[in-house]
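K.L.:
Okay, so here is structure_18.cif, and as you'll see once you scroll down, it has mmCIF, C-alpha atoms and all ligand atoms.
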data_upload
#
loop_
_atom_site.group_PDB
_atom_site.id
_atom_site.type_symbol
_atom_site.label_atom_id
_atom_site.label_comp_id
_atom_site.auth_asym_id
_atom_site.auth_seq_id
_atom_site.Cartn_x
_atom_site.Cartn_y
_atom_site.Cartn_z
ATOM 1 C CA MET A 1 45.630 32.042 109.736
ATOM 2 C CA PRO A 2 42.005 31.128 109.222
ATOM 3 C CA ARG A 3 39.380 33.130 110.952
ATOM 4 C CA ARG A 4 37.489 30.894 113.292
ATOM 5 C CA ARG A 5 33.898 31.408 114.203
ATOM 6 C CA ARG A 6 30.777 29.485 114.873
ATOM 7 C CA VAL A 7 27.460 30.085 113.261
ATOM 8 C CA GLY A 8 25.256 31.416 116.016
ATOM 9 C CA SER A 9 21.815 31.635 114.574
ATOM 10 C CA LEU A 10 21.101 29.924 111.342
ATOM 11 C CA ALA A 11 19.141 31.549 108.614
ATOM 12 C CA ALA A 12 15.768 30.198 107.756
ATOM 13 C CA SER A 13 15.263 28.588 104.417
ATOM 14 C CA THR A 14 16.226 30.243 101.202
ATOM 15 C CA ALA A 15 14.138 31.060 98.213
ATOM 16 C CA ALA A 16 15.643 27.966 96.764
ATOM 17 C CA ALA A 17 14.549 24.422 97.390
ATOM 18 C CA LEU A 18 14.196 23.703 101.063
ATOM 19 C CA LEU A 19 13.894 20.445 102.799
ATOM 20 C CA ALA A 20 12.621 20.394 106.329
ATOM 21 C CA LEU A 21 12.410 16.988 107.839
ATOM 22 C CA VAL A 22 10.479 16.957 111.049
ATOM 23 C CA GLY A 23 8.968 14.443 113.375
ATOM 24 C CA CYS A 24 9.011 10.704 113.530
ATOM 25 C CA GLY A 25 5.853 8.629 113.583
ATOM 26 C CA ALA A 26 5.035 5.302 115.095
ATOM 27 C CA GLN A 27 6.463 3.490 112.106
ATOM 28 C CA GLN A 28 9.493 5.739 111.995
ATOM 29 C CA ALA A 29 8.014 7.670 109.134
ATOM 30 C CA VAL A 30 9.640 10.991 108.502
ATOM 31 C CA GLU A 31 7.474 13.982 107.770
ATOM 32 C CA ILE A 32 8.946 15.843 104.879
ATOM 33 C CA ARG A 33 7.925 19.284 103.844
ATOM 34 C CA VAL A 34 9.044 20.515 100.486
ATOM 35 C CA THR A 35 9.105 24.121 99.415
ATOM 36 C CA THR A 36 10.115 24.786 95.852
ATOM 37 C CA THR A 37 11.732 27.907 94.509
ATOM 38 C CA ALA A 38 10.040 31.178 93.930
ATOM 39 C CA ALA A 39 11.154 30.846 90.348
ATOM 40 C CA THR A 40 9.174 27.671 89.895
ATOM 41 C CA ALA A 41 5.934 28.654 91.593
ATOM 42 C CA VAL A 42 5.812 27.964 95.241
ATOM 43 C CA GLU A 43 4.495 24.569 95.987
ATOM 44 C CA GLU A 44 4.311 22.812 99.261
ATOM 45 C CA SER A 45 3.656 19.189 99.852
ATOM 46 C CA THR A 46 3.845 17.019 102.854
ATOM 47 C CA THR A 47 4.475 13.362 102.608
ATOM 48 C CA SER A 48 6.082 10.614 104.561
ATOM 49 C CA LEU A 49 9.105 8.491 103.980
ATOM 50 C CA ARG A 50 10.116 5.400 105.826
ATOM 51 C CA ASN A 51 13.547 5.634 107.318
ATOM 52 C CA PRO A 52 15.435 2.742 105.710
ATOM 53 C CA HIS A 53 18.045 2.690 108.430
ATOM 54 C CA GLY A 54 15.447 2.106 111.101
ATOM 55 C CA SER A 55 16.669 4.881 113.351
ATOM 56 C CA THR A 56 15.073 8.154 114.269
ATOM 57 C CA ALA A 57 14.888 10.844 111.640
ATOM 58 C CA SER A 58 16.576 13.526 113.652
ATOM 59 C CA PRO A 59 19.730 12.253 115.320
ATOM 60 C CA THR A 60 20.320 13.326 118.865
ATOM 61 C CA ALA A 61 23.153 15.707 119.616
ATOM 62 C CA GLY A 62 25.210 12.703 120.662
ATOM 63 C CA GLU A 63 24.645 10.978 117.357
ATOM 64 C CA ALA A 64 25.463 14.132 115.489
ATOM 65 C CA ASP A 65 28.742 14.364 117.340
ATOM 66 C CA LEU A 66 29.682 11.029 115.861
ATOM 67 C CA VAL A 67 29.796 12.701 112.465
ATOM 68 C CA THR A 68 33.046 14.305 113.495
ATOM 69 C CA GLU A 69 34.652 11.262 115.053
ATOM 70 C CA SER A 70 37.201 9.127 113.309
ATOM 71 C CA SER A 71 35.118 5.986 113.662
ATOM 72 C CA GLY A 72 33.625 6.820 110.307
ATOM 73 C CA PRO A 73 30.698 8.854 109.156
ATOM 74 C CA VAL A 74 27.210 8.043 110.309
ATOM 75 C CA PRO A 75 24.389 8.503 107.818
ATOM 76 C CA LEU A 76 22.846 11.952 107.726
ATOM 77 C CA LEU A 77 19.221 11.192 108.526
ATOM 78 C CA GLY A 78 16.996 14.219 108.870
ATOM 79 C CA HIS A 79 17.627 17.902 108.506
ATOM 80 C CA PHE A 80 21.009 19.438 109.318
ATOM 81 C CA VAL A 81 22.800 22.746 109.287
ATOM 82 C CA PRO A 82 26.544 23.352 109.129
ATOM 83 C CA VAL A 83 28.571 24.429 112.141
ATOM 84 C CA VAL A 84 31.650 26.324 110.999
ATOM 85 C CA VAL A 85 34.923 25.007 112.377
ATOM 86 C CA ALA A 86 37.116 27.387 110.376
ATOM 87 C CA GLU A 87 37.187 29.630 107.339
ATOM 88 C CA TYR A 88 39.961 29.673 104.766
ATOM 89 C CA PRO A 89 40.586 31.700 101.635
ATOM 90 C CA HIS A 90 39.287 30.343 98.327
ATOM 91 C CA ASP A 91 40.287 31.538 94.868
ATOM 92 C CA PRO A 92 37.446 33.898 93.885
ATOM 93 C CA THR A 93 38.140 33.201 90.212
ATOM 94 C CA ALA A 94 37.669 29.441 90.621
ATOM 95 C CA TRP A 95 34.424 28.208 89.087
ATOM 96 C CA THR A 96 34.279 25.254 91.468
ATOM 97 C CA GLN A 97 32.913 22.086 89.914
ATOM 98 C CA GLY A 98 34.546 19.336 91.939
ATOM 99 C CA LEU A 99 36.120 19.179 95.381
ATOM 100 C CA GLU A 100 37.789 16.266 97.124
ATOM 101 C CA TRP A 101 40.269 15.860 99.964
ATOM 102 C CA TYR A 102 43.415 14.132 98.736
ATOM 103 C CA ASP A 103 46.574 13.549 100.716
ATOM 104 C CA GLY A 104 46.309 16.636 102.885
ATOM 105 C CA ARG A 105 45.263 18.999 100.128
ATOM 106 C CA LEU A 106 42.088 19.840 98.286
ATOM 107 C CA LEU A 107 41.744 18.524 94.785
ATOM 108 C CA GLU A 108 39.615 21.067 92.971
ATOM 109 C CA SER A 109 38.222 21.001 89.465
ATOM 110 C CA THR A 110 37.220 24.328 87.952
ATOM 111 C CA GLY A 111 35.089 24.941 84.895
ATOM 112 C CA LEU A 112 34.298 27.338 82.051
ATOM 113 C CA ASN A 113 35.934 27.199 78.635
ATOM 114 C CA GLY A 114 39.397 28.667 78.751
ATOM 115 C CA ARG A 115 39.454 28.690 82.546
ATOM 116 C CA SER A 116 39.105 24.998 83.364
ATOM 117 C CA SER A 117 41.690 23.364 85.556
ATOM 118 C CA LEU A 118 42.529 20.653 88.015
ATOM 119 C CA ARG A 119 44.405 21.840 91.088
ATOM 120 C CA LEU A 120 45.834 20.731 94.357
ATOM 121 C CA VAL A 121 45.129 23.505 96.812
ATOM 122 C CA ASP A 122 46.739 24.353 100.149
ATOM 123 C CA VAL A 123 43.720 25.196 102.268
ATOM 124 C CA GLU A 124 45.630 27.504 104.614
ATOM 125 C CA THR A 125 46.535 29.894 101.819
ATOM 126 C CA GLY A 126 43.973 29.019 99.165
ATOM 127 C CA ARG A 127 46.817 28.790 96.676
ATOM 128 C CA SER A 128 47.047 26.149 93.958
ATOM 129 C CA GLU A 129 50.303 24.353 94.655
ATOM 130 C CA GLU A 130 49.927 22.310 91.491
ATOM 131 C CA LEU A 131 47.678 23.063 88.547
ATOM 132 C CA VAL A 132 46.784 21.260 85.359
ATOM 133 C CA THR A 133 45.400 23.460 82.633
ATOM 134 C CA VAL A 134 42.508 21.806 80.847
ATOM 135 C CA PRO A 135 42.556 22.410 77.074
ATOM 136 C CA ASP A 136 40.558 25.496 76.106
ATOM 137 C CA ASP A 137 38.047 23.520 74.055
ATOM 138 C CA LEU A 138 36.891 21.658 77.146
ATOM 139 C CA TYR A 139 34.723 22.779 80.056
ATOM 140 C CA ALA A 140 35.680 20.786 83.143
ATOM 141 C CA GLU A 141 33.168 19.578 85.679
ATOM 142 C CA GLY A 142 33.201 17.205 88.661
ATOM 143 C CA ALA A 143 36.276 15.212 89.620
ATOM 144 C CA THR A 144 37.264 12.464 91.997
ATOM 145 C CA VAL A 145 40.236 10.231 92.777
ATOM 146 C CA VAL A 146 40.487 6.526 91.881
ATOM 147 C CA ASP A 147 43.666 4.701 92.873
ATOM 148 C CA GLY A 148 45.986 7.680 92.574
ATOM 149 C CA ARG A 149 44.393 9.064 89.436
ATOM 150 C CA ALA A 150 42.097 12.064 89.179
ATOM 151 C CA VAL A 151 39.092 11.388 86.992
ATOM 152 C CA GLN A 152 37.483 14.572 85.695
ATOM 153 C CA LEU A 153 34.265 15.123 83.790
ATOM 154 C CA THR A 154 33.539 17.684 81.145
ATOM 155 C CA TYR A 155 30.216 19.477 80.778
ATOM 156 C CA ARG A 156 28.933 18.858 77.242
ATOM 157 C CA ASP A 157 32.080 17.503 75.659
ATOM 158 C CA ARG A 158 31.479 13.852 76.638
ATOM 159 C CA THR A 159 35.182 13.693 77.282
ATOM 160 C CA LEU A 160 36.732 12.169 80.367
ATOM 161 C CA LEU A 161 40.072 13.469 81.593
ATOM 162 C CA VAL A 162 42.393 11.303 83.659
ATOM 163 C CA THR A 163 45.391 12.783 85.462
ATOM 164 C CA GLU A 164 48.027 10.811 87.356
ATOM 165 C CA LEU A 165 48.562 12.187 90.846
ATOM 166 C CA SER A 166 51.381 10.050 92.160
ATOM 167 C CA ASN A 167 54.283 11.977 90.636
ATOM 168 C CA GLY A 168 52.809 15.433 90.674
ATOM 169 C CA LEU A 169 50.131 16.791 88.438
ATOM 170 C CA GLY A 170 52.214 17.864 85.475
ATOM 171 C CA THR A 171 50.824 20.568 83.256
ATOM 172 C CA GLU A 172 48.147 18.763 81.271
ATOM 173 C CA PRO A 173 45.826 15.769 81.723
ATOM 174 C CA THR A 174 47.471 12.381 81.295
ATOM 175 C CA GLN A 175 44.634 10.951 79.248
ATOM 176 C CA ARG A 176 41.790 12.412 77.229
ATOM 177 C CA ARG A 177 39.022 9.893 76.544
ATOM 178 C CA ALA A 178 36.555 11.112 73.923
ATOM 179 C CA ASP A 179 32.952 9.861 73.883
ATOM 180 C CA ALA A 180 33.329 8.345 77.337
ATOM 181 C CA TYR A 181 29.665 9.019 78.144
ATOM 182 C CA ASP A 182 26.574 10.249 76.337
ATOM 183 C CA THR A 183 25.099 12.713 78.816
ATOM 184 C CA GLU A 184 26.240 15.999 80.239
ATOM 185 C CA GLY A 185 28.829 15.666 82.985
ATOM 186 C CA TRP A 186 28.196 17.425 86.307
ATOM 187 C CA GLY A 187 29.275 15.694 89.532
ATOM 188 C CA LEU A 188 31.480 12.722 90.289
ATOM 189 C CA CYS A 189 32.535 10.690 93.330
ATOM 190 C CA TYR A 190 34.012 7.251 93.966
ATOM 191 C CA ASP A 191 32.490 4.958 96.572
ATOM 192 C CA GLY A 192 35.435 2.580 96.664
ATOM 193 C CA SER A 193 34.084 0.285 93.983
ATOM 194 C CA ARG A 194 32.076 2.357 91.522
ATOM 195 C CA LEU A 195 32.032 5.886 90.248
ATOM 196 C CA VAL A 196 28.852 7.852 90.896
ATOM 197 C CA MET A 197 28.018 10.585 88.394
ATOM 198 C CA THR A 198 25.352 13.233 87.842
ATOM 199 C CA ASP A 199 24.276 15.034 84.698
ATOM 200 C CA GLY A 200 22.103 17.777 86.177
ATOM 201 C CA SER A 201 18.968 15.658 86.156
ATOM 202 C CA SER A 202 17.518 13.648 89.049
ATOM 203 C CA GLN A 203 19.517 10.534 88.136
ATOM 204 C CA LEU A 204 22.582 8.986 89.697
ATOM 205 C CA PHE A 205 24.721 7.105 87.180
ATOM 206 C CA PHE A 206 26.987 4.319 88.403
ATOM 207 C CA ARG A 207 30.030 3.607 86.270
ATOM 208 C CA ASP A 208 32.928 1.209 86.224
ATOM 209 C CA ALA A 209 35.915 2.914 87.827
ATOM 210 C CA GLU A 210 38.333 1.733 85.142
ATOM 211 C CA THR A 211 36.352 1.592 81.899
ATOM 212 C CA PHE A 212 33.695 4.185 82.771
ATOM 213 C CA GLU A 213 31.119 1.700 81.445
ATOM 214 C CA LEU A 214 27.597 2.492 82.641
ATOM 215 C CA LEU A 215 26.561 -0.086 85.233
ATOM 216 C CA ASP A 216 23.330 1.261 86.651
ATOM 217 C CA THR A 217 21.159 4.308 87.080
ATOM 218 C CA VAL A 218 19.015 5.246 90.062
ATOM 219 C CA PRO A 219 16.384 8.010 90.135
ATOM 220 C CA VAL A 220 16.694 10.286 93.158
ATOM 221 C CA ARG A 221 13.477 11.161 94.914
ATOM 222 C CA LEU A 222 12.251 12.930 97.966
ATOM 223 C CA ALA A 223 9.299 10.693 98.714
ATOM 224 C CA GLU A 224 7.814 10.412 95.195
ATOM 225 C CA ARG A 225 9.145 13.698 93.884
ATOM 226 C CA PRO A 226 12.214 13.708 91.625
ATOM 227 C CA ILE A 227 14.910 16.134 92.725
ATOM 228 C CA GLU A 228 16.495 17.732 89.672
ATOM 229 C CA GLY A 229 19.777 19.564 89.370
ATOM 230 C CA LEU A 230 21.970 17.095 91.241
ATOM 231 C CA ASN A 231 25.442 18.546 90.949
ATOM 232 C CA GLU A 232 28.752 18.121 92.806
ATOM 233 C CA LEU A 233 28.943 14.880 94.759
ATOM 234 C CA GLU A 234 30.712 13.365 97.705
ATOM 235 C CA CYS A 235 30.640 9.663 98.526
ATOM 236 C CA VAL A 236 30.569 9.449 102.330
ATOM 237 C CA GLY A 237 30.064 6.137 104.058
ATOM 238 C CA ASP A 238 26.940 4.525 102.682
ATOM 239 C CA GLN A 239 25.502 7.766 101.356
ATOM 240 C CA VAL A 240 26.058 10.047 98.409
ATOM 241 C CA LEU A 241 25.882 13.753 99.248
ATOM 242 C CA ALA A 242 24.848 16.027 96.391
ATOM 243 C CA ASN A 243 24.774 19.762 95.952
ATOM 244 C CA VAL A 244 21.454 20.741 94.408
ATOM 245 C CA TRP A 245 22.121 23.281 91.696
ATOM 246 C CA LEU A 246 20.868 26.839 92.294
ATOM 247 C CA THR A 247 20.055 26.107 95.916
ATOM 248 C CA ASN A 248 21.861 26.238 99.229
ATOM 249 C CA ASP A 249 20.890 22.652 99.900
ATOM 250 C CA ILE A 250 22.897 19.475 99.980
ATOM 251 C CA VAL A 251 20.965 16.216 100.006
ATOM 252 C CA ALA A 252 22.062 12.895 101.464
ATOM 253 C CA ILE A 253 21.019 10.030 99.201
ATOM 254 C CA ASP A 254 20.846 6.292 99.758
ATOM 255 C CA PRO A 255 22.483 5.232 96.481
ATOM 256 C CA ALA A 256 20.809 1.819 96.575
ATOM 257 C CA THR A 257 17.305 3.252 96.419
ATOM 258 C CA GLY A 258 17.757 6.865 95.357
ATOM 259 C CA MET A 259 15.841 7.891 98.453
ATOM 260 C CA ILE A 260 16.819 11.214 100.012
ATOM 261 C CA GLU A 261 17.417 10.468 103.651
ATOM 262 C CA GLY A 262 18.725 13.786 104.853
ATOM 263 C CA SER A 263 19.379 17.369 103.890
ATOM 264 C CA ILE A 264 21.711 20.172 104.850
ATOM 265 C CA ASP A 265 20.633 23.797 104.617
ATOM 266 C CA ALA A 266 23.849 25.733 104.010
ATOM 267 C CA SER A 267 22.150 29.118 103.587
ATOM 268 C CA ALA A 268 24.065 30.540 106.526
ATOM 269 C CA LEU A 269 27.345 30.031 104.666
ATOM 270 C CA VAL A 270 26.529 32.189 101.652
ATOM 271 C CA PRO A 271 29.012 35.082 101.671
ATOM 272 C CA GLU A 272 27.724 38.630 101.793
ATOM 273 C CA GLY A 273 26.917 39.762 98.285
ATOM 274 C CA TYR A 274 26.539 36.218 96.996
ATOM 275 C CA GLU A 275 22.911 35.768 98.039
ATOM 276 C CA GLY A 276 20.894 34.419 95.138
ATOM 277 C CA GLY A 277 23.998 33.210 93.325
ATOM 278 C CA PRO A 278 24.939 36.254 91.215
ATOM 279 C CA ASP A 279 26.317 35.238 87.804
ATOM 280 C CA GLY A 280 25.984 31.605 88.767
ATOM 281 C CA ALA A 281 28.140 31.925 91.881
ATOM 282 C CA VAL A 282 26.191 29.333 93.857
ATOM 283 C CA LEU A 283 27.052 26.849 96.562
ATOM 284 C CA ASN A 284 28.922 23.999 94.888
ATOM 285 C CA GLY A 285 31.728 21.891 96.242
ATOM 286 C CA ILE A 286 31.698 19.381 99.059
ATOM 287 C CA ALA A 287 34.581 17.256 100.255
ATOM 288 C CA TYR A 288 34.832 14.956 103.260
ATOM 289 C CA ASN A 289 38.000 14.817 105.337
ATOM 290 C CA HIS A 290 38.090 11.270 106.665
ATOM 291 C CA GLU A 291 40.968 12.174 108.972
ATOM 292 C CA THR A 292 38.983 14.731 110.955
ATOM 293 C CA GLY A 293 35.401 13.853 110.080
ATOM 294 C CA THR A 294 34.799 17.418 108.936
ATOM 295 C CA PHE A 295 33.636 18.652 105.562
ATOM 296 C CA TRP A 296 34.883 21.348 103.210
ATOM 297 C CA LEU A 297 32.224 23.490 101.553
ATOM 298 C CA THR A 298 32.505 26.354 99.095
ATOM 299 C CA GLY A 299 30.804 27.824 96.056
ATOM 300 C CA LYS A 300 31.619 28.907 92.528
ATOM 301 C CA LEU A 301 33.651 32.107 92.711
ATOM 302 C CA TRP A 302 33.229 32.249 96.478
ATOM 303 C CA PRO A 303 36.126 33.908 98.296
ATOM 304 C CA VAL A 304 35.832 31.557 101.235
ATOM 305 C CA LEU A 305 36.214 27.846 101.906
ATOM 306 C CA TYR A 306 34.492 26.552 105.022
ATOM 307 C CA GLU A 307 35.483 23.660 107.219
ATOM 308 C CA VAL A 308 32.285 22.470 108.847
ATOM 309 C CA SER A 309 30.565 19.724 110.748
ATOM 310 C CA PHE A 310 26.841 19.111 110.580
ATOM 311 C CA THR A 311 24.376 19.307 113.435
ATOM 312 C CA PRO A 312 20.647 18.634 113.494
ATOM 313 C CA ALA A 313 18.607 21.699 112.569
HETATM 314 CA CA CA M 401 33.232 16.179 96.109
#
Let's see the structure in the file written out as structure tokens.

P.N.:
Amino acid sequence: MPRRRRVGSLAASTAAALLALVGCGAQQAVEIRVTTTAATAVEESTTSLRNPHGSTASPTAGEADLVTESSGPVPLLGHFVPVVVAEYPHDPTAWTQGLEWYDGRLLESTGLNGRSSLRLVDVETGRSEELVTVPDDLYAEGATVVDGRAVQLTYRDRTLLVTELSNGLGTEPTQRRADAYDTEGWGLCYDGSRLVMTDGSSQLFFRDAETFELLDTVPVRLAERPIEGLNELECVGDQVLANVWLTNDIVAIDPATGMIEGSIDASALVPEGYEGGPDGAVLNGIAYNHETGTFWLTGKLWPVLYEVSFTPA
């Protein structure tokens, strides 16, 4: 059984990138304070960003509650922290690169050469009920589901893997498409019409869901500042949520403009001993459960998978 607990007091910001969105001016401008990492020389800037949705920057508790209702997700506008609904075991050898809720199980893509896989995981046990072994020459990255097929990126191999899900995973990818893209592959999600991809930069790439043809790119910015290291993605409602590599932050992006509209500080979820992301074991992996309105969060090599909702910080 999962251990259930709630996060009582939430940790302050990490040494990693922190977004703190506070206040709302007369023109619904959102004050945004940015603190960069210790590793990149601390820099603080304050700027303002118009809220494109025309609502307040920090949702009320009532609005936040809507995030967990089945009426569909509301945009994450402002600064949030996770509230833990439950904890489940997670394979501590899984180098999590992609996470998505599919038919009552978690579809998880794991990376590293020789250890890459695509799995369907029972969250109660953390066990992979089905597992595709990715060929040893490939390093798997983000993955998502399009019409009953898992689409899986590779890191520097420019190879797209497609795996049919309808009749079980089988033991190897159904298709291997070489030279499918000309960047690195990091995160991937499907918004119902287009695939959204990251390559570790500050860009979102929009691709045709069938051909993987590049349709558009959008730079992601917090006010005027590019946010680099966009990693694992989740398409939720009208937003794209992105893990920011080497941080405990998840940003909520308006994919039409690239504007960061909200942020989630998940510092309080970092397991003991995993502070600072030892050996690359950082927060990475976000999946939305449209049936419950909750989210699944984990990290590379983390022993725990969290079921969470988000509440204003
Ligand atoms: Ca995801």

K.L.:
Just to confirm, what's the straight-line distance from atom CA of Glu184 of chain A to atom CA of Thr217 of chain A in Å (one decimal)?

P.N.:
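Those two atoms sit 14.5 Å apart.
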
K.L.:
So which residues are near ligand CA 401 (chain M), meaning at most 8 Å away with all atoms listed in the file counted, given back as a list in words?

P.N.:
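Final answer, ordered by chain and number: Gly98, Leu99, Glu100, Gly142, Ala143, Thr144, Gly187, Leu188, Cys189, Glu232, Leu233, Glu234, Cys235, Gly285, Ile286, Ala287 and Tyr288 of chain A.
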
K.L.:
Save the residues we just selected, C-alpha atoms, as a JSON list (two decimals), in the frame of the given file?

P.N.:
[["chain", "number", "residue", "atom", "x", "y", "z"],
["A", 98, "GLY", "CA", 34.55, 19.34, 91.94],
["A", 99, "LEU", "CA", 36.12, 19.18, 95.38],
["A", 100, "GLU", "CA", 37.79, 16.27, 97.12],
["A", 142, "GLY", "CA", 33.20, 17.20, 88.66],
["A", 143, "ALA", "CA", 36.28, 15.21, 89.62],
["A", 144, "THR", "CA", 37.26, 12.46, 92.00],
["A", 187, "GLY", "CA", 29.28, 15.69, 89.53],
["A", 188, "LEU", "CA", 31.48, 12.72, 90.29],
["A", 189, "CYS", "CA", 32.53, 10.69, 93.33],
["A", 232, "GLU", "CA", 28.75, 18.12, 92.81],
["A", 233, "LEU", "CA", 28.94, 14.88, 94.76],
["A", 234, "GLU", "CA", 30.71, 13.36, 97.70],
["A", 235, "CYS", "CA", 30.64, 9.66, 98.53],
["A", 285, "GLY", "CA", 31.73, 21.89, 96.24],
["A", 286, "ILE", "CA", 31.70, 19.38, 99.06],
["A", 287, "ALA", "CA", 34.58, 17.26, 100.26],
["A", 288, "TYR", "CA", 34.83, 14.96, 103.26]]

K.L.:
I need the residue set behind the PyMOL selection byres (((chain A and resi 119-122) around 7) and not hetatm) for this file; please write it as a PyMOL selection string.

P.N.:
chain A and resi 105-109+117-118+123-132

K.L.:
Can you write out the residues you just picked, keeping C-alpha atoms, as an mmCIF file, in the coordinates of the input?

P.N.:
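Written out: part24.cif:
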data_model
loop_
_atom_site.group_PDB
_atom_site.id
_atom_site.type_symbol
_atom_site.label_atom_id
_atom_site.label_comp_id
_atom_site.auth_asym_id
_atom_site.auth_seq_id
_atom_site.Cartn_x
_atom_site.Cartn_y
_atom_site.Cartn_z
ATOM 1 C CA ARG A 105 45.263 18.999 100.128
ATOM 2 C CA LEU A 106 42.088 19.840 98.286
ATOM 3 C CA LEU A 107 41.744 18.524 94.785
ATOM 4 C CA GLU A 108 39.615 21.067 92.971
ATOM 5 C CA SER A 109 38.222 21.001 89.465
ATOM 6 C CA SER A 117 41.690 23.364 85.556
ATOM 7 C CA LEU A 118 42.529 20.653 88.015
ATOM 8 C CA VAL A 123 43.720 25.196 102.268
ATOM 9 C CA GLU A 124 45.630 27.504 104.614
ATOM 10 C CA THR A 125 46.535 29.894 101.819
ATOM 11 C CA GLY A 126 43.973 29.019 99.165
ATOM 12 C CA ARG A 127 46.817 28.790 96.676
ATOM 13 C CA SER A 128 47.047 26.149 93.958
ATOM 14 C CA GLU A 129 50.303 24.353 94.655
ATOM 15 C CA GLU A 130 49.927 22.310 91.491
ATOM 16 C CA LEU A 131 47.678 23.063 88.547
ATOM 17 C CA VAL A 132 46.784 21.260 85.359
#

K.L.:
My list of candidates is A:Thr174, A:Thr311, A:Thr198, A:Thr96. Which is closest to Ala150 of chain A when distances are computed with only C-alpha atoms?

P.N.:
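For Ala150 of chain A, the nearest of the candidates is A:Thr174.
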
K.L.:
Which residue, A:Gly78, A:Pro135, A:Pro226, A:Pro73, has the smallest gap to Ile264 of chain A when you use only C-alpha atoms?

P.N.:
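Answer, going by the shortest atom-to-atom distance: A:Gly78.
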
K.L.:
For atom CA of Phe310 of chain A and atom CA of Pro278 of chain A, quote the distance in Å rounded to one decimal.

P.N.:
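Going from atom CA of Phe310 of chain A over to atom CA of Pro278 of chain A covers 25.9 Å.
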
K.L.:
My list of candidates is A:Gly262, A:Arg221, A:Asp103, A:Gly185. Which is closest to Val81 of chain A when distances are computed with all atoms listed in the file?

P.N.:
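The shortest atom-to-atom distance to Val81 of chain A comes from A:Gly262.
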